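*Asks:* Encoded as structure tokens, here's the structure I'll be asking about.
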Amino acid sequence: MSERALIVGCEGLSLTAAEIGLFEEVNPWGLILFARNCGTPDQIRALVSQFRTAIGRDSAPVLVDQEGGRVQRLKPPHWRQYPPARVLGDLFQSDRSEAMRLTYVLTRLIARDVKEVGITVDCLPVLDVQQPGAHDVIGDRAYGREPEVVAVLGGVATGAMLDSGVLPVVKHVPGHGRAQADSHKDLPIVETSAQELRACDFVPFAALNTAPLAMTAHVVYSALDKEQPATLSKPVIDLIRGEIGYDGALMTDDLSMGALTGSLAARAEAALEAGCDLILHCNGDMSEMMEIAESVPVLTGDALRRCEAALARLGPPKEFDVEEALGDLDRVLVESV
């Protein structure tokens with residue numbers, strides 16, 4: 001059976017019998033893990049194996065949001081803490097080459113952590129250009145407030161992920177950095193002109209439009225579509241595909257977030273009709289997963305092509321001096337306090 005255009009979550013540290021049964025029946029494209037699913041390295045390896053066994057695909061994608069800073073699902077004591085992206089962006093202002101080197105080194109370490117437990121996709125880098133006065137849901141997760149800085153460091157991080165044998169996900173296209181609400185709870189409405197969006201917010205995504213995977217923003221851009229957030233907006237998805245030039249696999253942000261209204265089925269159908277390739281549902285709620293699975297078809301056509309092309313970019317890790325990198329990490333953490 002072909003895989004469904006769906007990325008699911010799960011409830012706990014191992015799959016329940018009901019989850020195994022649903023995943024066997026539905027065959028989702030991938031699984032995303034959150035802090036509730038991450039206990040120890042061995043436990044995560046077992047969970048990942050459980051999922052892949054259930055759907056019968058040894059190489060099925062397993063995703064995580066492991067950015068560093070506030071958004072880090074694999075946490076101490078089993079994993080090291082990493083600085084937020086803003087630390088690297090701040091360094092870029094005084095020492096461009098060192099900021100680029102450390103971005104590569106620290107991203108390689110993050111990728112190494114996730115790959116060692118069987119995770120093959122990390123939802124990093126954040127390419128949002130943070131703006132003064134915006135909600136801090138992005139905040140120091142962004143590399144900075146200049147699109148060129150975000151594009152350069154985001155490009156380094158993307159390359160570091162691919163060099164590690166892990167797929168990066170650029171987010172949140174076409175830009176979440178000026179939103180004045182947290183899309184986990186409310187729907188942000190950005191009234192900035194299309195001209196300004198093109199000059200700033202879209203720049204990093206256009207620069208990295210060959211990334212294998214991207215995640216949409218649950219944000220209304222009134223200059224582009226007065227009604228629908230990007231995730232559900234055909235005009236915005238058309239802009240992402242056309243003007244921004246992105247032809248990689250495009251996943252929604254989590255459809256259970258508070259920014260969206262209507263049934264889960266209606267949200268999924270609208271996102272697919274708008275042009276998204278993959279539906280992301282994260283909270284592990286069984287009734288919601290059952291509802292959404294009924295509305296999501298198997299991957300076909302361009303969506304299947306893009307997803308297969310993304311997975312084809314997974315390769316063996318390149319050589320990397322881990323001990324030297326760990327020393328760099330310790331130094332950055334001390335200096336950033």
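FYI, nothing fancy with the structure tokens labels: chains A, B, ... in order, residues from 1 per chain, ligands from 1 as they appear.
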When you look at A:Val62 with a cut-off of 7 Å (counting only C-alpha atoms), what residues show up, excluding the ones that are within fewer than 5 positions of it in the same chain? I need them as a JSON list (two decimals) with C-alpha atoms, in the first residue's frame.
*Replies:*
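Below is the file that was written, around19.json:
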```json
[["chain", "number", "residue", "atom", "x", "y", "z"],
["A", 30, "GLY", "CA", 6.25, 9.73, 8.70],
["A", 31, "LEU", "CA", 6.15, 10.17, 12.47],
["A", 32, "ILE", "CA", 7.04, 13.32, 14.44],
["A", 119, "ILE", "CA", 15.56, 10.20, 13.56],
["A", 120, "THR", "CA", 16.15, 11.20, 9.94],
["A", 121, "VAL", "CA", 14.44, 14.60, 9.62]]
```
*Asks:* Return as JSON lines the residues of stretch 96-212 of chain A lying at most 12 Å from stretch 251-254 of chain A, together with the closest atom-to-atom pair for each and the distance in Å to one decimal, counting only C-alpha atoms, with rows in chain order and ascending residue number.
*Replies:*
```
{"residue": "A:Cys123", "atom": "CA", "partner": "A:Asp253", "partner_atom": "CA", "distance": 10.5}
{"residue": "A:Val169", "atom": "CA", "partner": "A:Met251", "partner_atom": "CA", "distance": 9.1}
{"residue": "A:Val170", "atom": "CA", "partner": "A:Met251", "partner_atom": "CA", "distance": 10.2}
{"residue": "A:Lys171", "atom": "CA", "partner": "A:Asp253", "partner_atom": "CA", "distance": 8.8}
{"residue": "A:His172", "atom": "CA", "partner": "A:Asp253", "partner_atom": "CA", "distance": 7.9}
{"residue": "A:Val173", "atom": "CA", "partner": "A:Thr252", "partner_atom": "CA", "distance": 9.7}
{"residue": "A:Pro174", "atom": "CA", "partner": "A:Thr252", "partner_atom": "CA", "distance": 11.9}
{"residue": "A:His176", "atom": "CA", "partner": "A:Asp253", "partner_atom": "CA", "distance": 11.4}
{"residue": "A:Ser183", "atom": "CA", "partner": "A:Asp253", "partner_atom": "CA", "distance": 9.7}
{"residue": "A:His184", "atom": "CA", "partner": "A:Asp254", "partner_atom": "CA", "distance": 8.6}
{"residue": "A:Lys185", "atom": "CA", "partner": "A:Asp254", "partner_atom": "CA", "distance": 11.7}
{"residue": "A:Pro212", "atom": "CA", "partner": "A:Met251", "partner_atom": "CA", "distance": 10.9}
```
*Asks:* Hey, what does DSSP flag as strand (DSSP E) within stretch 5-77 of chain A? Can you give it to me as a PyMOL selection string?
*Replies:* chain A and resi 5-8+28-33+62-64+66-68+71-72
*Asks:* Among stretch 198-265 of chain A, which residues does DSSP mark as alpha helix (DSSP H) when it is run on the backbone? Keep the chain and numbering as in the structure and answer as an NGL selection string.
*Replies:* :A and (198-199 or 203-207 or 234-241 or 264-265)
*Asks:* At most 8 Å is the cut-off: for each residue in stretch 169-234 of chain A with any atom that close to an atom of stretch 130-143 of chain A, write down the nearest atom pair and the distance in Å rounded to one decimal, counting only C-alpha atoms, chain first then increasing number, as JSON lines.
*Replies:*
```
{"residue": "A:His176", "atom": "CA", "partner": "A:Ile138", "partner_atom": "CA", "distance": 7.4}
{"residue": "A:Gly177", "atom": "CA", "partner": "A:Gln130", "partner_atom": "CA", "distance": 4.1}
{"residue": "A:Arg178", "atom": "CA", "partner": "A:Gln131", "partner_atom": "CA", "distance": 5.1}
{"residue": "A:Ala179", "atom": "CA", "partner": "A:Ala134", "partner_atom": "CA", "distance": 5.6}
{"residue": "A:Gln180", "atom": "CA", "partner": "A:His135", "partner_atom": "CA", "distance": 4.5}
{"residue": "A:Ala181", "atom": "CA", "partner": "A:His135", "partner_atom": "CA", "distance": 5.5}
{"residue": "A:Asp182", "atom": "CA", "partner": "A:Val137", "partner_atom": "CA", "distance": 5.7}
```
*Asks:* Which neighbours of stretch 306-316 of chain A fall inside 9 Å, counting only C-alpha atoms, when residues of the same chain fewer than 5 positions from it are skipped, and could you give them as number ranges by chain?
*Replies:* A: 61, 120, 162-167, 211-213, 247-250, 277-278, 299, 301
*Asks:* Kindly save the residues from that selection, with N, CA and C atoms included, as a compact mmCIF listing (two decimals), in the first residue's frame.
*Replies:*
```
# COMPACT_ATOMS: atom_id res chain seq x y z
N PRO A 61 10.42 8.15 7.25
CA PRO A 61 10.94 9.34 7.94
C PRO A 61 10.41 9.46 9.37
N THR A 120 15.53 10.87 11.23
CA THR A 120 16.15 11.20 9.94
C THR A 120 15.77 12.56 9.40
N LEU A 162 22.43 18.10 5.80
CA LEU A 162 22.60 17.15 4.70
C LEU A 162 23.93 16.42 4.78
N ASP A 163 24.99 17.11 5.23
CA ASP A 163 26.30 16.47 5.40
C ASP A 163 26.26 15.42 6.51
N SER A 164 25.26 15.50 7.38
CA SER A 164 25.14 14.56 8.50
C SER A 164 24.25 13.38 8.19
N GLY A 165 23.64 13.38 7.00
CA GLY A 165 22.70 12.31 6.68
C GLY A 165 21.35 12.50 7.31
N VAL A 166 20.97 13.76 7.56
CA VAL A 166 19.67 14.11 8.12
C VAL A 166 19.03 15.16 7.21
N LEU A 167 17.74 15.04 6.97
CA LEU A 167 17.06 16.01 6.12
C LEU A 167 16.62 17.23 6.94
N ALA A 211 15.92 23.44 -0.80
CA ALA A 211 15.86 22.58 0.39
C ALA A 211 14.89 21.43 0.14
N PRO A 212 15.16 20.25 0.70
CA PRO A 212 14.32 19.10 0.40
C PRO A 212 12.91 19.19 0.97
N LEU A 213 12.77 19.85 2.13
CA LEU A 213 11.48 19.91 2.82
C LEU A 213 11.27 21.31 3.36
N ASP A 247 10.25 23.96 -5.04
CA ASP A 247 9.65 22.75 -5.61
C ASP A 247 9.97 21.51 -4.78
N GLY A 248 10.34 21.72 -3.52
CA GLY A 248 10.54 20.59 -2.62
C GLY A 248 9.22 20.15 -2.00
N ALA A 249 9.30 19.18 -1.11
CA ALA A 249 8.11 18.66 -0.43
C ALA A 249 7.67 19.67 0.63
N LEU A 250 6.42 20.10 0.53
CA LEU A 250 5.89 21.15 1.40
C LEU A 250 4.90 20.54 2.38
N ASP A 277 1.86 19.32 0.15
CA ASP A 277 2.10 17.92 -0.19
C ASP A 277 1.83 16.98 0.97
N LEU A 278 2.13 17.43 2.19
CA LEU A 278 2.06 16.57 3.37
C LEU A 278 1.28 17.27 4.48
N LEU A 299 -0.02 9.39 -1.35
CA LEU A 299 0.81 10.29 -2.15
C LEU A 299 0.79 9.88 -3.62
N GLY A 301 1.38 11.73 -7.90
CA GLY A 301 1.72 12.88 -8.73
C GLY A 301 2.92 13.65 -8.23
```
*Asks:* Looking at A:Arg70, A:Arg241, A:Lys234, A:Arg331, which one is nearest to A:Phe205, with distances taken over only C-alpha atoms?
*Replies:*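 Counting only C-alpha atoms, the residue closest to A:Phe205 is A:Arg241.
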*Asks:* Find the distance between atom CA of A:Asn209 and atom CA of A:Pro317 and write it in Å to one decimal.
*Replies:*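 Those two atoms sit 22.5 Å apart.
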*Asks:* Tell me, as a list in words, which residues lie within 7 Å of A:Leu47, counting only C-alpha atoms; anything in the same chain fewer than 2 positions away does not count.
*Replies:*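 My list of contacting residues is Leu13, Ser14, Leu15, Gln43, Ile44, Arg45, Ser49, Gln50 and Phe51 of chain A.
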*Asks:* Do a neighbour search on A:Arg198 at 10 Å with only C-alpha atoms, toss out local chain neighbours closer than 4 positions, and write the hits as a PDB file with C-alpha atoms, in the first residue's frame.
*Replies:*
```pdb
ATOM      1  CA  PRO A 174       6.789  32.353   3.546  1.00  0.00           C
ATOM      2  CA  SER A 193       2.663  45.188   1.951  1.00  0.00           C
ATOM      3  CA  ALA A 194       3.598  42.570  -0.614  1.00  0.00           C
ATOM      4  CA  PHE A 202      10.637  35.907   1.413  1.00  0.00           C
ATOM      5  CA  VAL A 203      14.373  36.435   0.888  1.00  0.00           C
ATOM      6  CA  ALA A 206      14.038  32.132  -2.056  1.00  0.00           C
ATOM      7  CA  GLU A 243       7.855  33.495  -7.126  1.00  0.00           C
ATOM      8  CA  ILE A 244       9.876  31.940  -4.292  1.00  0.00           C
TER       9      ILE A 244
END
```
*Asks:* Taking into account only C-alpha atoms, which residue in the set A:Asp65, A:Glu294, A:Glu98, A:Glu11 is nearest to A:Pro125?
*Replies:* A:Asp65
*Asks:* Can you tell me which residues surround A:Pro41 at a distance of at most 10 Å, considering only C-alpha atoms, apart from same-chain residues fewer than 3 positions away, and format the answer as a list of chain:residue names?
*Replies:*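 That gives A:Cys38, A:Ile44, A:Arg45, A:Ala46, A:Leu47, A:Leu74, A:His78, A:Trp79, A:Asp113, A:Val114, A:Glu116, A:Val117, A:Gly118.
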*Asks:* Could you write out that same residue set with N, CA and C atoms as a tab-separated table (two decimals), in the first residue's frame?
*Replies:*
```tsv
chain	number	residue	atom	x	y	z
A	38	CYS	N	10.19	11.48	24.17
A	38	CYS	CA	11.65	11.37	24.24
A	38	CYS	C	12.12	11.22	25.68
A	44	ILE	N	13.97	5.92	22.58
A	44	ILE	CA	13.62	6.53	21.29
A	44	ILE	C	13.93	5.55	20.16
A	45	ARG	N	15.05	4.88	20.23
A	45	ARG	CA	15.38	3.90	19.19
A	45	ARG	C	14.28	2.84	19.10
A	46	ALA	N	13.80	2.39	20.26
A	46	ALA	CA	12.75	1.37	20.28
A	46	ALA	C	11.45	1.91	19.70
A	47	LEU	N	11.11	3.15	20.01
A	47	LEU	CA	9.89	3.78	19.48
A	47	LEU	C	9.97	3.93	17.97
A	74	LEU	N	14.98	16.72	22.52
A	74	LEU	CA	15.95	15.85	23.17
A	74	LEU	C	16.75	16.72	24.12
A	78	HIS	N	20.40	13.40	28.93
A	78	HIS	CA	20.86	12.44	27.92
A	78	HIS	C	21.45	13.12	26.70
A	79	TRP	N	21.08	14.38	26.49
A	79	TRP	CA	21.61	15.14	25.35
A	79	TRP	C	22.06	16.50	25.84
A	113	ASP	N	23.12	13.92	17.15
A	113	ASP	CA	22.26	13.47	18.25
A	113	ASP	C	21.00	12.78	17.73
A	114	VAL	N	20.34	13.42	16.75
A	114	VAL	CA	19.07	12.85	16.30
A	114	VAL	C	19.30	11.59	15.46
A	116	GLU	N	21.63	9.40	15.74
A	116	GLU	CA	22.03	8.27	16.58
A	116	GLU	C	20.84	7.51	17.17
A	117	VAL	N	19.68	8.16	17.25
A	117	VAL	CA	18.50	7.47	17.78
A	117	VAL	C	17.50	7.11	16.68
A	118	GLY	N	17.92	7.24	15.42
A	118	GLY	CA	17.09	6.79	14.32
A	118	GLY	C	16.22	7.86	13.67
```
*Asks:* For stretch 104-109 of chain A, work out the shell of residues within 6 Å, counting only C-alpha atoms and skipping chain neighbours fewer than 4 positions away, then give it as a list in words.
*Replies:*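 Listed by chain and then number, they are Val156, Ala157, Ala160 and Ala325 of chain A.
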